[in-house]
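**Student:** Can you read through this structure? Questions will come right after.
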Amino acid sequence: MISSAKSFYGLSLLLTALMAVFISGLSATPAYGIGEIHDFSSPELLERYEELNKVLRCPKCQNQNLADSDSPISADLRREIYLMLEDGQSDQQIRDFLVDRYGTFVLYSPPVSGITLWVWLVPIGFGLGGALLFWRVVLQASRRPVPAANEPDSGLDSAESSEQNSQQDKD
Amino acid sequence: MTPEASKKFLVFAPLTAFVLLSAFFYSALQLREIRGGDELTSALIDRPFPSFELAGLDNDVHDQSELSMGQVTLVNVWGSWCPSCRYEHPFLTELVEAGVPLVGLNYKDTPTAALDWLDSFGDIYQYHIQDQDGRLGLDLGVYGAPETFIVDGDGVIRYKRVGVVDQRVWDDLMKPVYLQYGGQIDD
């Protein structure tokens with residue numbers, strides 16, 4: 001029983017890892033408007049441009065980044081980012097410029113402060129809670145039927161609890 | 001916890017979590033409704049109107065100083081390409097007739113198309129600022145038209161409406177702000 005619990009645990013770990021790999025691999029191809037070509041003076045600037053377009057959100061379309069969005073405002077913002085990059089401004093300066101005008105909405109990663117702190121903490125809490133639940137329910141339950149040498153009446157206990165379980169199923 | 005108690009806890013934990021989450025999401029939806037749907041809170045509230053120097057449709061040059069002459073003013077971002085701007089035009093006309101000062105920000109438009117539009121529907125604005133490439137719009141956090149700002153007598157932005165201004169929006173959201181900063185309405 002313990003070994004089956006272990007292999008189940010191993011399988012879930014593997015599946016979770018696979019899921020993480022797939023999700024992180026989902027990267028969208030930029031959907032820049034036709035004819036929208038910015039000539040960068042260095043490949044390093046182009047790289048930063050593409051990176052910024054991925055992490056900045058289109059204010060008009062609620063759930064697209066600047067790279068994906070075809071809306072006119074996104075084209076304007078991309079042009080602005082291009083000009084600021086060529087002007088020698090840092091990524092942080094560019095982000096601040098946009099937050100100044102469009103609010104923190106334009107950032108796909110909300111700041112770790114104030115009410116958005118919850119956005120960061122709640123998922124971690126859920127993750128820990130889920131892990132705890134998983135540990136208690138799955139691993140403990142699969143361990144229970146193994147009789148321990150120093151608990152002579154443990155067989156009776158497990159019969160009792162399985163009866164309770166079947167009652168709960170009926171409820 | 002005794003094993004019995006912890007089992008009961010485990011059985012009810014998902015249900016409790018579900019109820020709590022439902023309550024949380026429901027209240028968030030209600031809050032969103034009150035704040036006006038998809039509208040983003042403007043980052044520019046309580047900040048001075050950004051500085052600019054742009055030609056008007058009248059070929060005069062306008063700048064931000066005209067918006068800090070002691071009068072609460074509505075600045076309406078519009079374009080001849082924007083169907084909702086045509087829709088809100090009759091209500092804006094009513095406001096102007098009631099003595100509300102209205103300035104146009106002609107956003108990403110051409111002067112010819114804009115003047116044609118005004119010929120057809122009526123030029124109710126004091127003057128228009130031409131923002132052909134959308135640079136002033138960007139400084140204002142504009143992401144579409146129509147948008148309407150309430151600018152107080154000192155040229156400070158006090159409210160921003162994204163979308164159409166109609167009787168309900170005016171009465172519920174804009175009129176209180178307009179009056180609070182000393183705006184005048186003729187009866």
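Simple scheme: letters A, B, ... for chains in structure tokens order, numbers from 1 for residues in each chain, numbers from 1 for ligands in the order shown.
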How close does chain B get to chain A? List, as JSON lines, each residue of chain B within 12 Å, its nearest atom pair and the distance in Å to one decimal, counting only C-alpha atoms.

**Tutor:**
```
{"residue": "B:Pro3", "atom": "CA", "partner": "A:Ser161", "partner_atom": "CA", "distance": 10.2}
{"residue": "B:Glu4", "atom": "CA", "partner": "A:Ser161", "partner_atom": "CA", "distance": 9.3}
{"residue": "B:Ser6", "atom": "CA", "partner": "A:Arg136", "partner_atom": "CA", "distance": 9.7}
{"residue": "B:Lys7", "atom": "CA", "partner": "A:Val137", "partner_atom": "CA", "distance": 9.2}
{"residue": "B:Lys8", "atom": "CA", "partner": "A:Gln168", "partner_atom": "CA", "distance": 10.2}
{"residue": "B:Phe9", "atom": "CA", "partner": "A:Leu133", "partner_atom": "CA", "distance": 10.8}
{"residue": "B:Leu10", "atom": "CA", "partner": "A:Leu133", "partner_atom": "CA", "distance": 7.9}
{"residue": "B:Val11", "atom": "CA", "partner": "A:Gln168", "partner_atom": "CA", "distance": 9.1}
{"residue": "B:Phe12", "atom": "CA", "partner": "A:Gln168", "partner_atom": "CA", "distance": 11.5}
{"residue": "B:Ala13", "atom": "CA", "partner": "A:Leu133", "partner_atom": "CA", "distance": 9.5}
{"residue": "B:Pro14", "atom": "CA", "partner": "A:Leu133", "partner_atom": "CA", "distance": 10.1}
{"residue": "B:Ala17", "atom": "CA", "partner": "A:Phe126", "partner_atom": "CA", "distance": 10.3}
{"residue": "B:Leu21", "atom": "CA", "partner": "A:Val122", "partner_atom": "CA", "distance": 11.5}
{"residue": "B:Gly37", "atom": "CA", "partner": "A:Gln62", "partner_atom": "CA", "distance": 11.7}
{"residue": "B:Asp38", "atom": "CA", "partner": "A:Gln62", "partner_atom": "CA", "distance": 8.1}
{"residue": "B:Glu39", "atom": "CA", "partner": "A:Lys60", "partner_atom": "CA", "distance": 9.6}
{"residue": "B:Leu40", "atom": "CA", "partner": "A:Phe105", "partner_atom": "CA", "distance": 7.8}
{"residue": "B:Thr41", "atom": "CA", "partner": "A:Gly103", "partner_atom": "CA", "distance": 7.6}
{"residue": "B:Ser42", "atom": "CA", "partner": "A:Tyr102", "partner_atom": "CA", "distance": 6.5}
{"residue": "B:Ala43", "atom": "CA", "partner": "A:Gly103", "partner_atom": "CA", "distance": 4.9}
{"residue": "B:Leu44", "atom": "CA", "partner": "A:Arg101", "partner_atom": "CA", "distance": 6.6}
{"residue": "B:Ile45", "atom": "CA", "partner": "A:Arg101", "partner_atom": "CA", "distance": 10.2}
{"residue": "B:Arg47", "atom": "CA", "partner": "A:Asp100", "partner_atom": "CA", "distance": 10.5}
{"residue": "B:Phe49", "atom": "CA", "partner": "A:Arg101", "partner_atom": "CA", "distance": 11.5}
{"residue": "B:Pro50", "atom": "CA", "partner": "A:Arg101", "partner_atom": "CA", "distance": 10.2}
{"residue": "B:Tyr107", "atom": "CA", "partner": "A:Ile73", "partner_atom": "CA", "distance": 11.6}
{"residue": "B:Lys108", "atom": "CA", "partner": "A:Pro72", "partner_atom": "CA", "distance": 10.0}
{"residue": "B:Gln132", "atom": "CA", "partner": "A:Asp76", "partner_atom": "CA", "distance": 11.9}
{"residue": "B:Asp133", "atom": "CA", "partner": "A:Asp76", "partner_atom": "CA", "distance": 8.5}
{"residue": "B:Gly134", "atom": "CA", "partner": "A:Asp76", "partner_atom": "CA", "distance": 7.7}
{"residue": "B:Arg135", "atom": "CA", "partner": "A:Asp76", "partner_atom": "CA", "distance": 8.5}
{"residue": "B:Leu136", "atom": "CA", "partner": "A:Arg101", "partner_atom": "CA", "distance": 10.8}
{"residue": "B:Gly137", "atom": "CA", "partner": "A:Arg101", "partner_atom": "CA", "distance": 9.6}
{"residue": "B:Leu138", "atom": "CA", "partner": "A:Arg101", "partner_atom": "CA", "distance": 7.2}
{"residue": "B:Asp139", "atom": "CA", "partner": "A:Arg101", "partner_atom": "CA", "distance": 6.0}
{"residue": "B:Leu140", "atom": "CA", "partner": "A:Arg101", "partner_atom": "CA", "distance": 6.2}
{"residue": "B:Gly141", "atom": "CA", "partner": "A:Arg101", "partner_atom": "CA", "distance": 4.6}
{"residue": "B:Val142", "atom": "CA", "partner": "A:Tyr102", "partner_atom": "CA", "distance": 8.0}
{"residue": "B:Tyr143", "atom": "CA", "partner": "A:Lys60", "partner_atom": "CA", "distance": 5.7}
{"residue": "B:Gly144", "atom": "CA", "partner": "A:Lys60", "partner_atom": "CA", "distance": 7.2}
{"residue": "B:Ala145", "atom": "CA", "partner": "A:Lys60", "partner_atom": "CA", "distance": 10.7}
{"residue": "B:Val162", "atom": "CA", "partner": "A:Lys60", "partner_atom": "CA", "distance": 10.6}
{"residue": "B:Gly163", "atom": "CA", "partner": "A:Lys60", "partner_atom": "CA", "distance": 11.7}
```

**Student:** List as a PDB file with all heavy atoms, in the first residue's frame the protein and nucleic acid residues near Leu85 of chain A, meaning an atom at most 9 Å away when only C-alpha atoms are counted, but skip any in the same chain fewer than 3 places from it.

**Tutor:**
```pdb
ATOM      1  N   PHE A  40      15.141  49.089 -35.510  1.00  0.00           N
ATOM      2  CA  PHE A  40      15.923  49.304 -34.298  1.00  0.00           C
ATOM      3  C   PHE A  40      17.393  49.448 -34.646  1.00  0.00           C
ATOM      4  O   PHE A  40      17.893  48.795 -35.561  1.00  0.00           O
ATOM      5  CB  PHE A  40      15.717  48.143 -33.319  1.00  0.00           C
ATOM      6  CG  PHE A  40      14.402  48.215 -32.628  1.00  0.00           C
ATOM      7  CD1 PHE A  40      13.301  47.562 -33.146  1.00  0.00           C
ATOM      8  CD2 PHE A  40      14.253  48.955 -31.461  1.00  0.00           C
ATOM      9  CE1 PHE A  40      12.072  47.644 -32.511  1.00  0.00           C
ATOM     10  CE2 PHE A  40      13.041  49.035 -30.827  1.00  0.00           C
ATOM     11  CZ  PHE A  40      11.940  48.374 -31.349  1.00  0.00           C
ATOM     12  N   LEU A  45      17.955  46.165 -28.591  1.00  0.00           N
ATOM     13  CA  LEU A  45      16.758  46.984 -28.398  1.00  0.00           C
ATOM     14  C   LEU A  45      15.510  46.242 -28.881  1.00  0.00           C
ATOM     15  O   LEU A  45      14.466  46.276 -28.249  1.00  0.00           O
ATOM     16  CB  LEU A  45      16.892  48.320 -29.144  1.00  0.00           C
ATOM     17  CG  LEU A  45      17.829  49.360 -28.536  1.00  0.00           C
ATOM     18  CD1 LEU A  45      17.770  50.647 -29.330  1.00  0.00           C
ATOM     19  CD2 LEU A  45      17.462  49.631 -27.077  1.00  0.00           C
ATOM     20  N   LEU A  46      15.650  45.559 -30.013  1.00  0.00           N
ATOM     21  CA  LEU A  46      14.524  44.790 -30.555  1.00  0.00           C
ATOM     22  C   LEU A  46      14.103  43.712 -29.561  1.00  0.00           C
ATOM     23  O   LEU A  46      12.911  43.490 -29.318  1.00  0.00           O
ATOM     24  CB  LEU A  46      14.926  44.152 -31.888  1.00  0.00           C
ATOM     25  CG  LEU A  46      13.891  43.229 -32.530  1.00  0.00           C
ATOM     26  CD1 LEU A  46      12.642  44.013 -32.919  1.00  0.00           C
ATOM     27  CD2 LEU A  46      14.461  42.514 -33.749  1.00  0.00           C
ATOM     28  N   ARG A  48      14.516  43.770 -26.282  1.00  0.00           N
ATOM     29  CA  ARG A  48      13.817  44.391 -25.146  1.00  0.00           C
ATOM     30  C   ARG A  48      12.415  44.825 -25.541  1.00  0.00           C
ATOM     31  O   ARG A  48      11.472  44.729 -24.757  1.00  0.00           O
ATOM     32  CB  ARG A  48      14.635  45.590 -24.643  1.00  0.00           C
ATOM     33  CG  ARG A  48      15.832  45.181 -23.805  1.00  0.00           C
ATOM     34  CD  ARG A  48      16.712  46.358 -23.488  1.00  0.00           C
ATOM     35  NE  ARG A  48      15.972  47.438 -22.824  1.00  0.00           N
ATOM     36  CZ  ARG A  48      16.365  48.719 -22.845  1.00  0.00           C
ATOM     37  NH1 ARG A  48      17.446  49.070 -23.505  1.00  0.00           N
ATOM     38  NH2 ARG A  48      15.655  49.627 -22.217  1.00  0.00           N
ATOM     39  N   TYR A  49      12.284  45.310 -26.792  1.00  0.00           N
ATOM     40  CA  TYR A  49      10.982  45.730 -27.322  1.00  0.00           C
ATOM     41  C   TYR A  49       9.999  44.555 -27.281  1.00  0.00           C
ATOM     42  O   TYR A  49       8.876  44.663 -26.797  1.00  0.00           O
ATOM     43  CB  TYR A  49      11.186  46.221 -28.755  1.00  0.00           C
ATOM     44  CG  TYR A  49       9.951  46.542 -29.551  1.00  0.00           C
ATOM     45  CD1 TYR A  49       9.252  47.726 -29.339  1.00  0.00           C
ATOM     46  CD2 TYR A  49       9.509  45.675 -30.557  1.00  0.00           C
ATOM     47  CE1 TYR A  49       8.141  48.035 -30.098  1.00  0.00           C
ATOM     48  CE2 TYR A  49       8.399  45.977 -31.316  1.00  0.00           C
ATOM     49  CZ  TYR A  49       7.714  47.151 -31.087  1.00  0.00           C
ATOM     50  OH  TYR A  49       6.613  47.455 -31.834  1.00  0.00           O
ATOM     51  N   GLU A  80       5.328  54.187 -29.197  1.00  0.00           N
ATOM     52  CA  GLU A  80       5.881  54.966 -28.099  1.00  0.00           C
ATOM     53  C   GLU A  80       7.038  54.213 -27.443  1.00  0.00           C
ATOM     54  O   GLU A  80       8.067  54.805 -27.113  1.00  0.00           O
ATOM     55  CB  GLU A  80       4.759  55.229 -27.085  1.00  0.00           C
ATOM     56  CG  GLU A  80       4.969  56.438 -26.218  1.00  0.00           C
ATOM     57  CD  GLU A  80       5.048  57.739 -27.001  1.00  0.00           C
ATOM     58  OE1 GLU A  80       4.430  57.834 -28.085  1.00  0.00           O
ATOM     59  OE2 GLU A  80       5.738  58.654 -26.527  1.00  0.00           O
ATOM     60  N   ILE A  81       6.843  52.913 -27.248  1.00  0.00           N
ATOM     61  CA  ILE A  81       7.904  52.095 -26.633  1.00  0.00           C
ATOM     62  C   ILE A  81       9.138  52.082 -27.528  1.00  0.00           C
ATOM     63  O   ILE A  81      10.274  52.212 -27.057  1.00  0.00           O
ATOM     64  CB  ILE A  81       7.392  50.656 -26.376  1.00  0.00           C
ATOM     65  CG1 ILE A  81       6.322  50.681 -25.276  1.00  0.00           C
ATOM     66  CG2 ILE A  81       8.527  49.728 -25.972  1.00  0.00           C
ATOM     67  CD1 ILE A  81       5.579  49.385 -25.107  1.00  0.00           C
ATOM     68  N   TYR A  82       8.898  51.964 -28.830  1.00  0.00           N
ATOM     69  CA  TYR A  82      10.015  52.000 -29.793  1.00  0.00           C
ATOM     70  C   TYR A  82      10.808  53.302 -29.645  1.00  0.00           C
ATOM     71  O   TYR A  82      12.031  53.297 -29.523  1.00  0.00           O
ATOM     72  CB  TYR A  82       9.463  51.831 -31.214  1.00  0.00           C
ATOM     73  CG  TYR A  82      10.401  52.287 -32.301  1.00  0.00           C
ATOM     74  CD1 TYR A  82      11.525  51.525 -32.619  1.00  0.00           C
ATOM     75  CD2 TYR A  82      10.165  53.460 -33.010  1.00  0.00           C
ATOM     76  CE1 TYR A  82      12.394  51.935 -33.613  1.00  0.00           C
ATOM     77  CE2 TYR A  82      11.024  53.881 -34.006  1.00  0.00           C
ATOM     78  CZ  TYR A  82      12.152  53.118 -34.306  1.00  0.00           C
ATOM     79  OH  TYR A  82      13.007  53.536 -35.279  1.00  0.00           O
ATOM     80  N   GLY A  88      16.985  55.710 -25.456  1.00  0.00           N
ATOM     81  CA  GLY A  88      17.892  55.251 -24.415  1.00  0.00           C
ATOM     82  C   GLY A  88      17.260  55.084 -23.045  1.00  0.00           C
ATOM     83  O   GLY A  88      17.963  55.037 -22.038  1.00  0.00           O
ATOM     84  N   GLN A  89      15.934  54.997 -22.979  1.00  0.00           N
ATOM     85  CA  GLN A  89      15.275  54.855 -21.680  1.00  0.00           C
ATOM     86  C   GLN A  89      15.295  53.392 -21.221  1.00  0.00           C
ATOM     87  O   GLN A  89      15.291  52.471 -22.036  1.00  0.00           O
ATOM     88  CB  GLN A  89      13.832  55.327 -21.786  1.00  0.00           C
ATOM     89  CG  GLN A  89      13.737  56.708 -22.390  1.00  0.00           C
ATOM     90  CD  GLN A  89      12.740  57.584 -21.684  1.00  0.00           C
ATOM     91  OE1 GLN A  89      12.502  57.423 -20.502  1.00  0.00           O
ATOM     92  NE2 GLN A  89      12.165  58.510 -22.409  1.00  0.00           N
ATOM     93  N   SER A  90      15.278  53.212 -19.904  1.00  0.00           N
ATOM     94  CA  SER A  90      15.341  51.859 -19.361  1.00  0.00           C
ATOM     95  C   SER A  90      13.950  51.225 -19.391  1.00  0.00           C
ATOM     96  O   SER A  90      12.941  51.917 -19.524  1.00  0.00           O
ATOM     97  CB  SER A  90      15.855  51.897 -17.924  1.00  0.00           C
ATOM     98  OG  SER A  90      14.843  52.402 -17.084  1.00  0.00           O
ATOM     99  N   ASP A  91      13.921  49.898 -19.257  1.00  0.00           N
ATOM    100  CA  ASP A  91      12.642  49.185 -19.221  1.00  0.00           C
ATOM    101  C   ASP A  91      11.755  49.734 -18.107  1.00  0.00           C
ATOM    102  O   ASP A  91      10.552  49.886 -18.267  1.00  0.00           O
ATOM    103  CB  ASP A  91      12.880  47.689 -18.990  1.00  0.00           C
ATOM    104  CG  ASP A  91      13.483  47.014 -20.217  1.00  0.00           C
ATOM    105  OD1 ASP A  91      13.718  47.721 -21.217  1.00  0.00           O
ATOM    106  OD2 ASP A  91      13.731  45.798 -20.158  1.00  0.00           O
ATOM    107  N   ILE A  94      10.154  52.973 -19.013  1.00  0.00           N
ATOM    108  CA  ILE A  94       9.062  52.770 -19.973  1.00  0.00           C
ATOM    109  C   ILE A  94       7.812  52.251 -19.247  1.00  0.00           C
ATOM    110  O   ILE A  94       6.697  52.722 -19.467  1.00  0.00           O
ATOM    111  CB  ILE A  94       9.502  51.806 -21.088  1.00  0.00           C
ATOM    112  CG1 ILE A  94      10.591  52.481 -21.919  1.00  0.00           C
ATOM    113  CG2 ILE A  94       8.328  51.402 -21.960  1.00  0.00           C
ATOM    114  CD1 ILE A  94      11.242  51.583 -22.941  1.00  0.00           C
TER     115      ILE A  94
END
```

**Student:** In Å, with one decimal, what is the gap from atom CA of Leu74 of chain B to atom CA of Val151 of chain B?

**Tutor:**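 It comes out at 6.2 Å.
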
**Student:** Go through chain B and collect every residue that DSSP, computed from the backbone, puts in strand (DSSP E or B); the answer should be as a PyMOL selection string.

**Tutor:** chain B and resi 48+53-56+61-63+73-78+102-107+128-131+147-151+156-162

**Student:** Could those residues be written to a file, using N, CA, C and O atoms, as a short mmCIF file (atom, residue, chain, number, x, y, z; two decimals), in the first residue's frame?

**Tutor:**
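For reference, selection.cif as written:
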```cif
data_model
loop_
_atom_site.label_atom_id
_atom_site.label_comp_id
_atom_site.auth_asym_id
_atom_site.auth_seq_id
_atom_site.Cartn_x
_atom_site.Cartn_y
_atom_site.Cartn_z
N PRO B 48 -2.91 67.36 -12.73
CA PRO B 48 -3.16 68.44 -13.69
C PRO B 48 -3.30 67.90 -15.11
O PRO B 48 -2.65 66.90 -15.45
N GLU B 53 0.52 71.71 -26.71
CA GLU B 53 0.39 72.90 -27.53
C GLU B 53 -0.01 72.39 -28.91
O GLU B 53 0.82 71.87 -29.65
N LEU B 54 -1.29 72.49 -29.22
CA LEU B 54 -1.79 71.88 -30.45
C LEU B 54 -2.73 72.83 -31.17
O LEU B 54 -3.41 73.65 -30.56
N ALA B 55 -2.76 72.68 -32.49
CA ALA B 55 -3.66 73.49 -33.30
C ALA B 55 -5.10 73.05 -33.04
O ALA B 55 -5.36 71.89 -32.75
N GLY B 56 -6.01 74.01 -33.13
CA GLY B 56 -7.42 73.68 -33.03
C GLY B 56 -8.01 73.53 -34.40
O GLY B 56 -7.34 73.77 -35.42
N VAL B 61 -3.82 78.17 -31.96
CA VAL B 61 -3.06 77.20 -31.17
C VAL B 61 -3.60 77.21 -29.74
O VAL B 61 -3.83 78.27 -29.16
N HIS B 62 -3.85 76.02 -29.22
CA HIS B 62 -4.39 75.91 -27.87
C HIS B 62 -3.39 75.22 -26.95
O HIS B 62 -2.59 74.41 -27.40
N ASP B 63 -3.43 75.57 -25.66
CA ASP B 63 -2.62 74.83 -24.69
C ASP B 63 -3.39 74.64 -23.39
O ASP B 63 -4.53 75.09 -23.26
N THR B 73 -14.75 72.51 -16.58
CA THR B 73 -14.98 72.26 -18.01
C THR B 73 -15.02 70.76 -18.29
O THR B 73 -14.30 69.99 -17.66
N LEU B 74 -15.87 70.37 -19.24
CA LEU B 74 -15.83 68.99 -19.73
C LEU B 74 -14.93 68.95 -20.96
O LEU B 74 -15.05 69.80 -21.85
N VAL B 75 -14.02 68.01 -21.01
CA VAL B 75 -13.21 67.79 -22.20
C VAL B 75 -13.64 66.46 -22.79
O VAL B 75 -13.48 65.41 -22.17
N ASN B 76 -14.21 66.54 -24.00
CA ASN B 76 -14.78 65.35 -24.63
C ASN B 76 -13.87 64.87 -25.76
O ASN B 76 -13.59 65.61 -26.70
N VAL B 77 -13.38 63.64 -25.62
CA VAL B 77 -12.53 63.05 -26.65
C VAL B 77 -13.45 62.43 -27.72
O VAL B 77 -14.24 61.54 -27.41
N TRP B 78 -13.34 62.92 -28.94
CA TRP B 78 -14.25 62.41 -29.97
C TRP B 78 -13.53 62.31 -31.32
O TRP B 78 -12.42 62.83 -31.50
N LEU B 102 -17.97 73.02 -22.66
CA LEU B 102 -17.52 71.78 -23.31
C LEU B 102 -16.42 72.09 -24.32
O LEU B 102 -16.57 72.96 -25.18
N VAL B 103 -15.30 71.38 -24.17
CA VAL B 103 -14.18 71.53 -25.10
C VAL B 103 -13.99 70.19 -25.78
O VAL B 103 -14.11 69.13 -25.15
N GLY B 104 -13.71 70.21 -27.09
CA GLY B 104 -13.51 68.96 -27.83
C GLY B 104 -12.05 68.62 -27.97
O GLY B 104 -11.20 69.50 -28.18
N LEU B 105 -11.74 67.33 -27.82
CA LEU B 105 -10.41 66.85 -28.17
C LEU B 105 -10.63 65.92 -29.36
O LEU B 105 -11.09 64.79 -29.21
N ASN B 106 -10.34 66.46 -30.55
CA ASN B 106 -10.59 65.70 -31.77
C ASN B 106 -9.46 64.70 -31.95
O ASN B 106 -8.34 65.05 -32.31
N TYR B 107 -9.78 63.44 -31.69
CA TYR B 107 -8.77 62.40 -31.47
C TYR B 107 -8.58 61.55 -32.73
O TYR B 107 -9.55 60.99 -33.25
N HIS B 128 -11.93 73.16 -30.39
CA HIS B 128 -11.45 71.78 -30.49
C HIS B 128 -9.93 71.76 -30.50
O HIS B 128 -9.30 72.57 -31.17
N ILE B 129 -9.37 70.81 -29.76
CA ILE B 129 -7.93 70.57 -29.81
C ILE B 129 -7.73 69.42 -30.80
O ILE B 129 -8.39 68.39 -30.68
N GLN B 130 -6.84 69.62 -31.78
CA GLN B 130 -6.60 68.54 -32.74
C GLN B 130 -5.48 67.64 -32.26
O GLN B 130 -4.33 68.08 -32.16
N ASP B 131 -5.81 66.38 -32.02
CA ASP B 131 -4.78 65.42 -31.61
C ASP B 131 -4.71 64.34 -32.68
O ASP B 131 -5.21 63.23 -32.49
N GLU B 147 -14.39 59.52 -24.66
CA GLU B 147 -14.04 59.61 -23.25
C GLU B 147 -14.29 61.06 -22.85
O GLU B 147 -14.12 61.96 -23.67
N THR B 148 -14.72 61.27 -21.62
CA THR B 148 -15.01 62.65 -21.19
C THR B 148 -14.38 62.92 -19.83
O THR B 148 -14.58 62.15 -18.89
N PHE B 149 -13.60 63.99 -19.77
CA PHE B 149 -12.93 64.37 -18.53
C PHE B 149 -13.66 65.56 -17.91
O PHE B 149 -14.15 66.43 -18.62
N ILE B 150 -13.71 65.58 -16.58
CA ILE B 150 -14.13 66.80 -15.88
C ILE B 150 -12.85 67.45 -15.37
O ILE B 150 -12.09 66.84 -14.61
N VAL B 151 -12.59 68.68 -15.83
CA VAL B 151 -11.39 69.41 -15.42
C VAL B 151 -11.84 70.59 -14.57
O VAL B 151 -12.72 71.36 -14.98
N VAL B 156 -7.19 70.84 -13.02
CA VAL B 156 -6.89 69.51 -12.48
C VAL B 156 -8.00 68.55 -12.92
O VAL B 156 -9.19 68.88 -12.83
N ILE B 157 -7.61 67.36 -13.38
CA ILE B 157 -8.59 66.36 -13.82
C ILE B 157 -9.28 65.76 -12.59
O ILE B 157 -8.61 65.30 -11.66
N ARG B 158 -10.60 65.81 -12.56
CA ARG B 158 -11.33 65.31 -11.39
C ARG B 158 -12.13 64.06 -11.68
O ARG B 158 -12.55 63.35 -10.76
N TYR B 159 -12.40 63.80 -12.94
CA TYR B 159 -13.19 62.63 -13.27
C TYR B 159 -12.91 62.25 -14.71
O TYR B 159 -12.63 63.12 -15.54
N LYS B 160 -13.02 60.96 -14.98
CA LYS B 160 -12.90 60.52 -16.36
C LYS B 160 -13.97 59.49 -16.64
O LYS B 160 -14.14 58.54 -15.89
N ARG B 161 -14.70 59.70 -17.70
CA ARG B 161 -15.72 58.76 -18.13
C ARG B 161 -15.22 58.09 -19.41
O ARG B 161 -14.90 58.78 -20.38
N VAL B 162 -15.17 56.76 -19.41
CA VAL B 162 -14.86 56.04 -20.63
C VAL B 162 -16.17 55.55 -21.20
O VAL B 162 -16.90 54.83 -20.52
#
```

**Student:** Please determine, counting only C-alpha atoms, which residue among B:Leu29, B:Val100, B:Met69, B:Leu57 has the shortest atom-to-atom distance to Thr112 of chain B.

**Tutor:**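 Looking at the shortest contact to Thr112 of chain B, the residue is B:Leu57.
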
**Student:** Assign secondary structure with DSSP using the backbone only, and return the residues of segment 21-91 of chain B in alpha helix (DSSP H) as a PyMOL selection string.

**Tutor:** chain B and resi 21-35+83-91

**Student:** Would you kindly return, as a list of chain:residue names, each protein, DNA or RNA residue with an atom no farther than 9 Å from any atom of Ala75 of chain A, considering only C-alpha atoms and excluding same-chain residues fewer than 3 positions away?

**Tutor:** A:Tyr32, A:Gly33, A:Glu36, A:Leu66, A:Ser69, A:Asp70, A:Ser71, A:Pro72, A:Arg78, A:Arg79, A:Glu80

**Student:** Take the residues from that selection and write them out as an mmCIF file, in the first residue's frame, keeping C-alpha atoms.

**Tutor:**
```
data_model
loop_
_atom_site.group_PDB
_atom_site.id
_atom_site.type_symbol
_atom_site.label_atom_id
_atom_site.label_comp_id
_atom_site.auth_asym_id
_atom_site.auth_seq_id
_atom_site.Cartn_x
_atom_site.Cartn_y
_atom_site.Cartn_z
ATOM 1 C CA TYR A 32 1.824 43.356 -35.233
ATOM 2 C CA GLY A 33 -0.213 45.298 -37.715
ATOM 3 C CA GLU A 36 4.192 48.339 -38.774
ATOM 4 C CA LEU A 66 0.658 44.595 -26.640
ATOM 5 C CA SER A 69 -3.235 43.099 -29.848
ATOM 6 C CA ASP A 70 -4.300 44.544 -33.162
ATOM 7 C CA SER A 71 -6.099 47.549 -31.688
ATOM 8 C CA PRO A 72 -4.989 51.072 -32.670
ATOM 9 C CA ARG A 78 4.251 50.036 -29.386
ATOM 10 C CA ARG A 79 5.395 53.075 -31.353
ATOM 11 C CA GLU A 80 5.881 54.966 -28.099
#
```

**Student:** When you look at Gln71 of chain B with a cut-off of 10 Å (counting only C-alpha atoms), what residues show up, excluding the ones that are within fewer than 3 positions of it in the same chain? I need them as a PyMOL selection string.

**Tutor:** chain B and resi 66-68+74+100-101+151-155+181-184
